[in-house]
Number of protein chains: 2
Amino acid sequence: MNFGIIGSGSWGTALAKILTDNNHPVNWWIRNEKDIIYFKNRHHNPQYLSSAYFDTDLINFNNDVAAVIESSDCIIMVVPSAYATQTLSELPRSIFQNKKIVSAIKGILPEQNLLLNEYLKSEFGVALSDYFTILGPCHAEEVGAEKLSYLTFSGIDVDTTKLIASHFKNDYINTIENSDVYGVQYAAVLKNIYALGAGIAHGLEYGDNFLSVLIANSADEMAGFLRKVGIKNVEVGGIEHNLTITNTRNEKHTTNYAASVYLGDLLVTCYSLYSRNRTFGNMIGKGYSVKAAQLEMNMVAEGYNASKCIYNINKKILAEMPIAETIYKILWENMPAIKGFENIEKSLV
Amino acid sequence: MNFGIIGSGSWGTALAKILTDNNHPVNWWIRNEKDIIYFKNRHHNPQYLSSAYFDTDLINFNNDVAAVIESSDCIIMVVPSAYATQTLSELPRSIFQNKKIVSAIKGILPEQNLLLNEYLKSEFGVALSDYFTILGPCHAEEVGAEKLSYLTFSGIDVDTTKLIASHFKNDYINTIENSDVYGVQYAAVLKNIYALGAGIAHGLEYGDNFLSVLIANSADEMAGFLRKVGIKNVEVGGIEHNLTITNTRNEKHTTNYAASVYLGDLLVTCYSLYSRNRTFGNMIGKGYSVKAAQLEMNMVAEGYNASKCIYNINKKILAEMPIAETIYKILWENMPAIKGFENIEKSLV
């Protein structure tokens, strides 16, 4: 398998590290020619995970997206969700023919309100059976430091999912597989909303007792949404609502959304003190306006757009989401955080 | 309802604070006469939660357990699980006749390997319908500081459960009710084992990525055990396997063990840096023997006994518990922690 990596942020760099540590050559799109030159000279990414050393003989750098895609069988998409369409929009419709696409994008495309596979299908005719995801609770920094981490590979083509996963497994990466390619992507979006909520709660000076109740109920709310999304996808003939998951030892489990790619990712995001969502939420809880918090942080927390996307999607799914809905209203409809949380408080079990 | 409180540790003190803050008089057993005198003079417990002020006019202190039980309709048991039988063993068999008993004990009686209700039934003929629990994710210190916290009241007598809960509800306590009186008690035991496991992982220098995977899988393993215990109790005619839970606003939910009394309590315990289980586990992970860790800490972490109790109980339940079983083997059968965790690693999803 000939891998192409589109994106060179910290997570893209971590994925490139895993593949090259496993001695796989990669084609890697890095937009900036100067960064490529630096990378070749110094054997590390100038911008991200700079302590990770790379054998650059294994890397075929290129600042032309089309060239990287054309020379690869398996394209790993790892740009921020907000830039995905911009990166791909000029490419010819046929460019992904006979390619496998693996998304490591944790988010919905905000303008289109689509998952990447939905966008790729409409713009490039990519079939769901050629689409896969790499997700799971993974701070890139810990992958950089070779701390044992778990990646979940999802796809409806079970054999190819397994094949792709096999290239990533090594002494610091354990791989897990399932076929819930819609559910895992929605879980990755939802967790950012709930982490932002945990941040708001912290800013409002709730304690650890409350936080644990909020996060447990967030997990339950997420599971309720995923169950309904799964059923929706069965109805539209998309994918099977299958919660079987295969561990690194090839044993099958059925979990109720308590596996690492669902609950684990929610936990690592909600409990991380360094998450942008948590920091942003904290400022909202302290009384900053959305605009002031964004100016102060000089970046957008993923949960901000995600709350709107999910709010709109849920108009069709109709899952019970008192927590996510309230966070949406606080962020987008000027509901005072303190009032929003009074509503949330009463709904928790 | 006339409450008697048996126990005056930090959690007993927190429960007494809630009731007296709600203007309920209480009968309170405190073993040490000197502590009672101090308490009356200074309006706070000399040993625990000493910053919580009490209106002592509402408290009828007594250092005689039998007298406290006899003068109360509803007895709250809140001694450490290891001392419960010692506290009760000299009492006449009929003493609990026509009484309601509410357990706030987070543990199995270690010598008997019984839940408190099982012990009370065999020794005092207490019916399950007269037995209730107060559990949930609650650091006593946060109740002391009046930070909003959630208590879950469980019992098969739904109306009395609701009545008991109503006496605890106030502006810093939200109450939740369900009938899964076995499940909530086992969850309170299991969470200590998993928190100890999180401590071992930390001691072995796994990172946050791994920790989130471990805790998510612990939640899943706990749910698997509780589901089987529930079914067992249906089979023996005990209780219905009912996961309906009622929030503070009296709305009913069905959750899959992701409510606060299950998952929330697991999270607050696993992520608390101050938990004894976590500290003890950390020492084991760093290579201390069980004996050395106990000497160093000068106390026993609840998860230590709990791991043995659950290991033995699971010989009948036969739930899949690779995490809890490995922790048992590390603590009780000299399995090296590093080897145990190599086994756990491969089972995670």
# chains A, B, ... in the order shown; residues from 1 in each chain; ligands from 1

$ interface_residues --of "chain B" --to "chain A" --cutoff "9 Å" --atoms "only C-alpha atoms" --output "ChimeraX atom specification"
/B:136-139,142-143,147-150,152,174-177,205-220,245-249,251,253,255-268,271-272,345-349

$ residues_around --residues "B:Phe124" --least-positions-apart "3" --cutoff "12 Å" --atoms "only C-alpha atoms" --output "PyMOL selection string"
chain B and resi 85+88-99+101+116-121+127-128+130

$ residues_around --residues "A:His44" --least-positions-apart "2" --cutoff "12 Å" --atoms "only C-alpha atoms" --output "PyMOL selection string"
chain A and resi 8+10+13-14+16-17+35-42+46-56+59+144

$ write_last_selection --atoms "N, CA and C atoms" --output "PDB file, in the first residue's frame"
ATOM      1  N   SER A   8      -0.175  18.535   7.421  1.00  0.00           N
ATOM      2  CA  SER A   8       1.080  18.432   8.168  1.00  0.00           C
ATOM      3  C   SER A   8       1.006  19.143   9.514  1.00  0.00           C
ATOM      4  N   SER A  10      -0.110  18.761  13.731  1.00  0.00           N
ATOM      5  CA  SER A  10       0.497  17.838  14.695  1.00  0.00           C
ATOM      6  C   SER A  10      -0.030  16.414  14.503  1.00  0.00           C
ATOM      7  N   THR A  13       1.496  14.878  11.365  1.00  0.00           N
ATOM      8  CA  THR A  13       2.893  14.555  11.646  1.00  0.00           C
ATOM      9  C   THR A  13       2.995  13.271  12.472  1.00  0.00           C
ATOM     10  N   ALA A  14       2.079  13.119  13.436  1.00  0.00           N
ATOM     11  CA  ALA A  14       2.078  11.898  14.255  1.00  0.00           C
ATOM     12  C   ALA A  14       1.800  10.670  13.381  1.00  0.00           C
ATOM     13  N   ALA A  16       2.355  10.360  10.158  1.00  0.00           N
ATOM     14  CA  ALA A  16       3.533  10.137   9.313  1.00  0.00           C
ATOM     15  C   ALA A  16       4.645   9.456  10.106  1.00  0.00           C
ATOM     16  N   LYS A  17       4.775   9.846  11.352  1.00  0.00           N
ATOM     17  CA  LYS A  17       5.784   9.216  12.215  1.00  0.00           C
ATOM     18  C   LYS A  17       5.507   7.726  12.372  1.00  0.00           C
ATOM     19  N   ASP A  35       9.018  24.900   4.438  1.00  0.00           N
ATOM     20  CA  ASP A  35       8.905  23.876   5.484  1.00  0.00           C
ATOM     21  C   ASP A  35       9.480  22.548   4.993  1.00  0.00           C
ATOM     22  N   ILE A  36       9.257  22.254   3.724  1.00  0.00           N
ATOM     23  CA  ILE A  36       9.780  21.003   3.160  1.00  0.00           C
ATOM     24  C   ILE A  36      11.310  20.997   3.195  1.00  0.00           C
ATOM     25  N   ILE A  37      11.891  22.119   2.805  1.00  0.00           N
ATOM     26  CA  ILE A  37      13.357  22.204   2.811  1.00  0.00           C
ATOM     27  C   ILE A  37      13.903  22.049   4.229  1.00  0.00           C
ATOM     28  N   TYR A  38      13.264  22.741   5.163  1.00  0.00           N
ATOM     29  CA  TYR A  38      13.675  22.633   6.566  1.00  0.00           C
ATOM     30  C   TYR A  38      13.585  21.185   7.047  1.00  0.00           C
ATOM     31  N   PHE A  39      12.440  20.575   6.737  1.00  0.00           N
ATOM     32  CA  PHE A  39      12.175  19.197   7.169  1.00  0.00           C
ATOM     33  C   PHE A  39      13.276  18.268   6.652  1.00  0.00           C
ATOM     34  N   LYS A  40      13.645  18.428   5.375  1.00  0.00           N
ATOM     35  CA  LYS A  40      14.671  17.554   4.792  1.00  0.00           C
ATOM     36  C   LYS A  40      16.026  17.751   5.474  1.00  0.00           C
ATOM     37  N   ASN A  41      16.339  19.008   5.805  1.00  0.00           N
ATOM     38  CA  ASN A  41      17.632  19.285   6.432  1.00  0.00           C
ATOM     39  C   ASN A  41      17.704  18.843   7.877  1.00  0.00           C
ATOM     40  N   ARG A  42      16.606  19.032   8.585  1.00  0.00           N
ATOM     41  CA  ARG A  42      16.653  18.844  10.035  1.00  0.00           C
ATOM     42  C   ARG A  42      15.951  17.572  10.512  1.00  0.00           C
ATOM     43  N   PRO A  46       9.173  21.508  11.132  1.00  0.00           N
ATOM     44  CA  PRO A  46       9.541  22.752  11.820  1.00  0.00           C
ATOM     45  C   PRO A  46       8.440  23.279  12.734  1.00  0.00           C
ATOM     46  N   GLN A  47       7.191  22.924  12.432  1.00  0.00           N
ATOM     47  CA  GLN A  47       6.068  23.550  13.141  1.00  0.00           C
ATOM     48  C   GLN A  47       5.464  22.677  14.256  1.00  0.00           C
ATOM     49  N   TYR A  48       5.415  21.380  14.036  1.00  0.00           N
ATOM     50  CA  TYR A  48       4.650  20.527  14.947  1.00  0.00           C
ATOM     51  C   TYR A  48       5.451  19.309  15.372  1.00  0.00           C
ATOM     52  N   LEU A  49       5.219  18.853  16.584  1.00  0.00           N
ATOM     53  CA  LEU A  49       5.884  17.645  17.108  1.00  0.00           C
ATOM     54  C   LEU A  49       7.367  17.680  16.781  1.00  0.00           C
ATOM     55  N   SER A  50       7.995  18.806  17.041  1.00  0.00           N
ATOM     56  CA  SER A  50       9.349  18.997  16.517  1.00  0.00           C
ATOM     57  C   SER A  50      10.361  18.057  17.168  1.00  0.00           C
ATOM     58  N   SER A  51       9.984  17.400  18.262  1.00  0.00           N
ATOM     59  CA  SER A  51      10.938  16.457  18.861  1.00  0.00           C
ATOM     60  C   SER A  51      10.925  15.084  18.163  1.00  0.00           C
ATOM     61  N   ALA A  52       9.977  14.870  17.240  1.00  0.00           N
ATOM     62  CA  ALA A  52       9.935  13.561  16.562  1.00  0.00           C
ATOM     63  C   ALA A  52      10.889  13.560  15.365  1.00  0.00           C
ATOM     64  N   TYR A  53      11.853  12.665  15.406  1.00  0.00           N
ATOM     65  CA  TYR A  53      12.853  12.544  14.345  1.00  0.00           C
ATOM     66  C   TYR A  53      12.311  11.670  13.212  1.00  0.00           C
ATOM     67  N   PHE A  54      12.560  12.063  11.963  1.00  0.00           N
ATOM     68  CA  PHE A  54      12.075  11.303  10.811  1.00  0.00           C
ATOM     69  C   PHE A  54      13.233  10.846   9.927  1.00  0.00           C
ATOM     70  N   ASP A  55      13.124   9.633   9.439  1.00  0.00           N
ATOM     71  CA  ASP A  55      14.007   9.163   8.378  1.00  0.00           C
ATOM     72  C   ASP A  55      13.448   9.726   7.068  1.00  0.00           C
ATOM     73  N   THR A  56      14.025  10.841   6.610  1.00  0.00           N
ATOM     74  CA  THR A  56      13.425  11.545   5.465  1.00  0.00           C
ATOM     75  C   THR A  56      13.632  10.804   4.144  1.00  0.00           C
ATOM     76  N   ILE A  59      10.396   9.631   2.952  1.00  0.00           N
ATOM     77  CA  ILE A  59       9.343  10.614   2.682  1.00  0.00           C
ATOM     78  C   ILE A  59       9.544  11.283   1.331  1.00  0.00           C
ATOM     79  N   GLY A 144       4.014  11.241  19.599  1.00  0.00           N
ATOM     80  CA  GLY A 144       5.378  11.737  19.385  1.00  0.00           C
ATOM     81  C   GLY A 144       6.347  11.157  20.407  1.00  0.00           C
TER      82      GLY A 144
END

$ residues_around --residues "B:Val79" --least-positions-apart "2" --cutoff "9 Å" --atoms "only C-alpha atoms" --output "JSON, numbers by chain"
{"B": [6, 7, 8, 9, 11, 12, 77, 81, 82, 83, 84, 87, 104, 105]}

$ select_by_dssp --residues "stretch 110-192 of chain A" --states "alpha helix (DSSP H)" --output "mmCIF file with N, CA and C atoms, in the first residue's frame"
data_model
loop_
_atom_site.group_PDB
_atom_site.id
_atom_site.type_symbol
_atom_site.label_atom_id
_atom_site.label_comp_id
_atom_site.auth_asym_id
_atom_site.auth_seq_id
_atom_site.Cartn_x
_atom_site.Cartn_y
_atom_site.Cartn_z
ATOM 1 N N LEU A 116 -16.944 14.049 5.899
ATOM 2 C CA LEU A 116 -16.065 14.051 4.725
ATOM 3 C C LEU A 116 -16.521 13.040 3.673
ATOM 4 N N ASN A 117 -16.970 11.852 4.109
ATOM 5 C CA ASN A 117 -17.390 10.850 3.120
ATOM 6 C C ASN A 117 -18.600 11.336 2.321
ATOM 7 N N GLU A 118 -19.487 12.091 2.953
ATOM 8 C CA GLU A 118 -20.664 12.612 2.244
ATOM 9 C C GLU A 118 -20.227 13.641 1.194
ATOM 10 N N TYR A 119 -19.276 14.479 1.574
ATOM 11 C CA TYR A 119 -18.745 15.471 0.637
ATOM 12 C C TYR A 119 -18.001 14.790 -0.513
ATOM 13 N N LEU A 120 -17.156 13.805 -0.184
ATOM 14 C CA LEU A 120 -16.376 13.115 -1.222
ATOM 15 C C LEU A 120 -17.283 12.371 -2.198
ATOM 16 N N LYS A 121 -18.382 11.860 -1.668
ATOM 17 C CA LYS A 121 -19.321 11.172 -2.549
ATOM 18 C C LYS A 121 -19.957 12.163 -3.528
ATOM 19 N N SER A 122 -20.417 13.308 -3.006
ATOM 20 C CA SER A 122 -21.120 14.230 -3.902
ATOM 21 C C SER A 122 -20.165 14.937 -4.865
ATOM 22 N N GLU A 123 -18.949 15.252 -4.445
ATOM 23 C CA GLU A 123 -18.049 16.028 -5.311
ATOM 24 C C GLU A 123 -17.145 15.159 -6.181
ATOM 25 N N PHE A 124 -16.803 13.950 -5.673
ATOM 26 C CA PHE A 124 -15.808 13.135 -6.392
ATOM 27 C C PHE A 124 -16.314 11.724 -6.683
ATOM 28 N N ALA A 140 -1.569 13.933 19.963
ATOM 29 C CA ALA A 140 -0.428 13.720 19.056
ATOM 30 C C ALA A 140 0.892 13.729 19.830
ATOM 31 N N GLU A 141 0.976 14.564 20.856
ATOM 32 C CA GLU A 141 2.226 14.694 21.623
ATOM 33 C C GLU A 141 2.626 13.340 22.226
ATOM 34 N N GLU A 142 1.625 12.558 22.682
ATOM 35 C CA GLU A 142 1.960 11.262 23.281
ATOM 36 C C GLU A 142 2.405 10.257 22.221
ATOM 37 N N VAL A 143 1.835 10.362 21.018
ATOM 38 C CA VAL A 143 2.333 9.522 19.918
ATOM 39 C C VAL A 143 3.778 9.931 19.620
ATOM 40 N N GLY A 144 4.014 11.241 19.599
ATOM 41 C CA GLY A 144 5.378 11.737 19.385
ATOM 42 C C GLY A 144 6.347 11.157 20.407
ATOM 43 N N VAL A 158 -14.540 -4.536 5.482
ATOM 44 C CA VAL A 158 -13.864 -5.030 6.683
ATOM 45 C C VAL A 158 -12.429 -5.469 6.385
ATOM 46 N N ASP A 159 -12.216 -6.127 5.269
ATOM 47 C CA ASP A 159 -10.874 -6.638 4.957
ATOM 48 C C ASP A 159 -9.878 -5.507 4.707
ATOM 49 N N THR A 160 -10.309 -4.509 3.944
ATOM 50 C CA THR A 160 -9.396 -3.388 3.685
ATOM 51 C C THR A 160 -9.150 -2.595 4.967
ATOM 52 N N THR A 161 -10.173 -2.467 5.814
ATOM 53 C CA THR A 161 -9.983 -1.800 7.113
ATOM 54 C C THR A 161 -8.847 -2.481 7.877
ATOM 55 N N LYS A 162 -8.919 -3.799 7.911
ATOM 56 C CA LYS A 162 -7.905 -4.584 8.611
ATOM 57 C C LYS A 162 -6.518 -4.380 7.972
ATOM 58 N N LEU A 163 -6.485 -4.368 6.658
ATOM 59 C CA LEU A 163 -5.218 -4.193 5.945
ATOM 60 C C LEU A 163 -4.595 -2.828 6.261
ATOM 61 N N ILE A 164 -5.415 -1.788 6.199
ATOM 62 C CA ILE A 164 -4.897 -0.445 6.500
ATOM 63 C C ILE A 164 -4.372 -0.406 7.929
ATOM 64 N N ALA A 165 -5.180 -0.937 8.863
ATOM 65 C CA ALA A 165 -4.779 -0.925 10.282
ATOM 66 C C ALA A 165 -3.432 -1.611 10.465
ATOM 67 N N SER A 166 -3.214 -2.702 9.727
ATOM 68 C CA SER A 166 -1.986 -3.497 9.931
ATOM 69 C C SER A 166 -0.723 -2.672 9.673
ATOM 70 N N VAL A 181 -18.616 3.415 10.546
ATOM 71 C CA VAL A 181 -17.863 4.545 10.015
ATOM 72 C C VAL A 181 -18.615 5.875 10.170
ATOM 73 N N TYR A 182 -19.930 5.823 10.254
ATOM 74 C CA TYR A 182 -20.678 7.046 10.568
ATOM 75 C C TYR A 182 -20.569 7.369 12.062
ATOM 76 N N GLY A 183 -20.836 6.384 12.886
ATOM 77 C CA GLY A 183 -20.865 6.613 14.332
ATOM 78 C C GLY A 183 -19.562 7.176 14.871
ATOM 79 N N VAL A 184 -18.444 6.608 14.451
ATOM 80 C CA VAL A 184 -17.155 7.079 14.982
ATOM 81 C C VAL A 184 -16.903 8.538 14.608
ATOM 82 N N GLN A 185 -17.336 8.929 13.406
ATOM 83 C CA GLN A 185 -17.121 10.319 12.982
ATOM 84 C C GLN A 185 -18.002 11.273 13.793
ATOM 85 N N TYR A 186 -19.268 10.877 14.007
ATOM 86 C CA TYR A 186 -20.128 11.736 14.818
ATOM 87 C C TYR A 186 -19.622 11.814 16.265
ATOM 88 N N ALA A 187 -19.122 10.700 16.773
ATOM 89 C CA ALA A 187 -18.592 10.712 18.146
ATOM 90 C C ALA A 187 -17.448 11.713 18.260
ATOM 91 N N ALA A 188 -16.599 11.761 17.216
ATOM 92 C CA ALA A 188 -15.448 12.677 17.236
ATOM 93 C C ALA A 188 -15.899 14.136 17.210
ATOM 94 N N VAL A 189 -17.059 14.383 16.626
ATOM 95 C CA VAL A 189 -17.599 15.748 16.591
ATOM 96 C C VAL A 189 -18.242 16.086 17.934
ATOM 97 N N LEU A 190 -19.049 15.138 18.419
ATOM 98 C CA LEU A 190 -19.802 15.379 19.654
ATOM 99 C C LEU A 190 -18.886 15.615 20.843
ATOM 100 N N LYS A 191 -17.809 14.868 20.918
ATOM 101 C CA LYS A 191 -16.926 14.992 22.085
ATOM 102 C C LYS A 191 -16.413 16.420 22.255
ATOM 103 N N ASN A 192 -16.219 17.126 21.135
ATOM 104 C CA ASN A 192 -15.746 18.511 21.237
ATOM 105 C C ASN A 192 -16.802 19.421 21.857
#

$ atom_distance --atom1 "atom CA of A:Glu325" --atom2 "atom CA of A:Thr133"
26.6 Å

$ residues_around --residues "stretch 305-308 of chain B" --least-positions-apart "4" --cutoff "9 Å" --atoms "only C-alpha atoms" --output "list in words"
Gly107, Ile108, Pro110, Val189, Leu190, Asn192, Ile193, Val300, Ala301, Asn312, Ile313, Ala324, Glu325, Ile327, Tyr328, Lys329, Leu331 and Trp332 of chain B

$ residues_around --residues "stretch 278-294 of chain A" --least-positions-apart "2" --cutoff "10 Å" --atoms "only C-alpha atoms" --output "ChimeraX atom specification"
/A:192-205,269-276,296-304,327,330-332,334,336-338,341

$ write_last_selection --atoms "N, CA, C and O atoms" --output "short mmCIF file (atom, residue, chain, number, x, y, z; two decimals), in the first residue's frame"
data_model
loop_
_atom_site.label_atom_id
_atom_site.label_comp_id
_atom_site.auth_asym_id
_atom_site.auth_seq_id
_atom_site.Cartn_x
_atom_site.Cartn_y
_atom_site.Cartn_z
N ASN A 192 -16.22 17.13 21.13
CA ASN A 192 -15.75 18.51 21.24
C ASN A 192 -16.80 19.42 21.86
O ASN A 192 -16.48 20.35 22.59
N ILE A 193 -18.06 19.13 21.55
CA ILE A 193 -19.15 19.92 22.14
C ILE A 193 -19.18 19.68 23.65
O ILE A 193 -19.28 20.63 24.44
N TYR A 194 -19.08 18.42 24.05
CA TYR A 194 -19.18 18.11 25.47
C TYR A 194 -17.95 18.61 26.25
O TYR A 194 -18.07 19.00 27.41
N ALA A 195 -16.79 18.60 25.59
CA ALA A 195 -15.59 19.14 26.25
C ALA A 195 -15.76 20.64 26.46
O ALA A 195 -15.37 21.19 27.49
N LEU A 196 -16.35 21.29 25.47
CA LEU A 196 -16.62 22.72 25.62
C LEU A 196 -17.59 22.93 26.79
O LEU A 196 -17.41 23.84 27.60
N GLY A 197 -18.58 22.05 26.89
CA GLY A 197 -19.54 22.12 28.01
C GLY A 197 -18.84 21.93 29.35
O GLY A 197 -19.13 22.64 30.32
N ALA A 198 -17.91 20.98 29.41
CA ALA A 198 -17.16 20.77 30.65
C ALA A 198 -16.38 22.03 31.00
O ALA A 198 -16.28 22.42 32.18
N GLY A 199 -15.86 22.69 29.96
CA GLY A 199 -15.15 23.95 30.19
C GLY A 199 -16.06 25.04 30.74
O GLY A 199 -15.70 25.76 31.67
N ILE A 200 -17.27 25.14 30.18
CA ILE A 200 -18.23 26.14 30.68
C ILE A 200 -18.53 25.85 32.16
O ILE A 200 -18.52 26.75 32.99
N ALA A 201 -18.77 24.57 32.47
CA ALA A 201 -19.09 24.19 33.86
C ALA A 201 -17.95 24.60 34.79
O ALA A 201 -18.18 25.12 35.89
N HIS A 202 -16.74 24.37 34.33
CA HIS A 202 -15.58 24.76 35.14
C HIS A 202 -15.54 26.27 35.34
O HIS A 202 -15.32 26.76 36.45
N GLY A 203 -15.81 27.00 34.25
CA GLY A 203 -15.83 28.46 34.35
C GLY A 203 -16.92 28.96 35.29
O GLY A 203 -16.77 29.99 35.94
N LEU A 204 -18.03 28.22 35.35
CA LEU A 204 -19.13 28.59 36.24
C LEU A 204 -18.87 28.14 37.69
O LEU A 204 -19.74 28.28 38.55
N GLU A 205 -17.73 27.52 37.90
CA GLU A 205 -17.28 27.08 39.24
C GLU A 205 -18.06 25.93 39.82
O GLU A 205 -18.19 25.78 41.04
N THR A 269 -10.75 14.09 25.97
CA THR A 269 -10.99 15.47 25.56
C THR A 269 -11.58 16.28 26.72
O THR A 269 -11.17 17.41 26.98
N CYS A 270 -12.54 15.70 27.43
CA CYS A 270 -13.18 16.44 28.53
C CYS A 270 -12.22 16.65 29.70
O CYS A 270 -12.30 17.67 30.37
N TYR A 271 -11.36 15.69 29.97
CA TYR A 271 -10.49 15.81 31.14
C TYR A 271 -9.15 16.46 30.84
O TYR A 271 -8.35 16.69 31.74
N SER A 272 -8.89 16.74 29.56
CA SER A 272 -7.63 17.39 29.24
C SER A 272 -7.71 18.87 29.60
O SER A 272 -8.59 19.59 29.13
N LEU A 273 -6.78 19.31 30.40
CA LEU A 273 -6.80 20.72 30.80
C LEU A 273 -6.31 21.62 29.67
O LEU A 273 -6.49 22.82 29.71
N TYR A 274 -5.67 21.00 28.67
CA TYR A 274 -5.05 21.81 27.62
C TYR A 274 -5.92 21.90 26.37
O TYR A 274 -5.54 22.54 25.41
N SER A 275 -7.09 21.27 26.40
CA SER A 275 -7.91 21.26 25.19
C SER A 275 -8.45 22.66 24.92
O SER A 275 -8.86 23.39 25.82
N ARG A 276 -8.42 23.03 23.64
CA ARG A 276 -8.96 24.33 23.23
C ARG A 276 -10.43 24.46 23.60
O ARG A 276 -10.90 25.52 23.98
N GLU A 296 -9.44 36.51 22.20
CA GLU A 296 -8.46 36.24 23.25
C GLU A 296 -7.63 35.00 22.91
O GLU A 296 -6.42 34.97 23.08
N MET A 297 -8.30 33.95 22.41
CA MET A 297 -7.60 32.69 22.12
C MET A 297 -6.94 32.72 20.75
O MET A 297 -6.11 31.88 20.45
N ASN A 298 -7.39 33.64 19.89
CA ASN A 298 -6.86 33.73 18.53
C ASN A 298 -7.06 32.43 17.74
O ASN A 298 -6.25 32.06 16.89
N MET A 299 -8.10 31.70 18.06
CA MET A 299 -8.43 30.49 17.31
C MET A 299 -9.87 30.09 17.65
O MET A 299 -10.45 30.58 18.61
N VAL A 300 -10.39 29.21 16.83
CA VAL A 300 -11.76 28.74 17.05
C VAL A 300 -11.70 27.35 17.68
O VAL A 300 -10.98 26.48 17.20
N ALA A 301 -12.43 27.15 18.76
CA ALA A 301 -12.52 25.81 19.34
C ALA A 301 -13.47 24.98 18.48
O ALA A 301 -14.52 25.47 18.08
N GLU A 302 -13.08 23.73 18.21
CA GLU A 302 -13.87 22.89 17.31
C GLU A 302 -15.32 22.75 17.77
O GLU A 302 -16.24 22.63 16.97
N GLY A 303 -15.51 22.70 19.08
CA GLY A 303 -16.85 22.48 19.62
C GLY A 303 -17.82 23.61 19.26
O GLY A 303 -19.04 23.40 19.28
N TYR A 304 -17.27 24.76 18.94
CA TYR A 304 -18.13 25.91 18.63
C TYR A 304 -18.92 25.64 17.35
O TYR A 304 -20.16 25.67 17.34
N ILE A 327 -25.74 23.88 25.02
CA ILE A 327 -24.44 24.47 24.66
C ILE A 327 -24.57 25.26 23.36
O ILE A 327 -24.05 26.37 23.23
N ILE A 330 -26.23 28.53 24.21
CA ILE A 330 -25.32 29.46 24.90
C ILE A 330 -24.38 30.10 23.88
O ILE A 330 -24.13 31.31 23.91
N LEU A 331 -23.86 29.30 22.94
CA LEU A 331 -22.84 29.80 22.01
C LEU A 331 -23.42 30.60 20.85
O LEU A 331 -22.80 31.53 20.35
N TRP A 332 -24.61 30.21 20.41
CA TRP A 332 -25.14 30.79 19.17
C TRP A 332 -26.39 31.62 19.35
O TRP A 332 -26.80 32.33 18.45
N ASN A 334 -27.10 33.41 22.38
CA ASN A 334 -26.97 34.33 23.52
C ASN A 334 -27.66 33.91 24.80
O ASN A 334 -28.00 34.74 25.63
N PRO A 336 -27.66 33.02 28.44
CA PRO A 336 -26.63 33.14 29.48
C PRO A 336 -26.21 31.75 29.97
O PRO A 336 -27.06 30.88 30.19
N ALA A 337 -24.89 31.55 30.10
CA ALA A 337 -24.38 30.23 30.48
C ALA A 337 -25.00 29.76 31.79
O ALA A 337 -25.37 28.59 31.94
N ILE A 338 -25.16 30.67 32.72
CA ILE A 338 -25.68 30.29 34.04
C ILE A 338 -27.12 29.77 33.92
O ILE A 338 -27.50 28.79 34.57
N PHE A 341 -27.11 26.29 32.19
CA PHE A 341 -26.72 25.21 33.08
C PHE A 341 -27.77 24.91 34.15
O PHE A 341 -27.84 23.79 34.64
#

$ atom_distance --atom1 "atom CA of B:Asp64" --atom2 "atom CA of B:Ser154"
27.8 Å
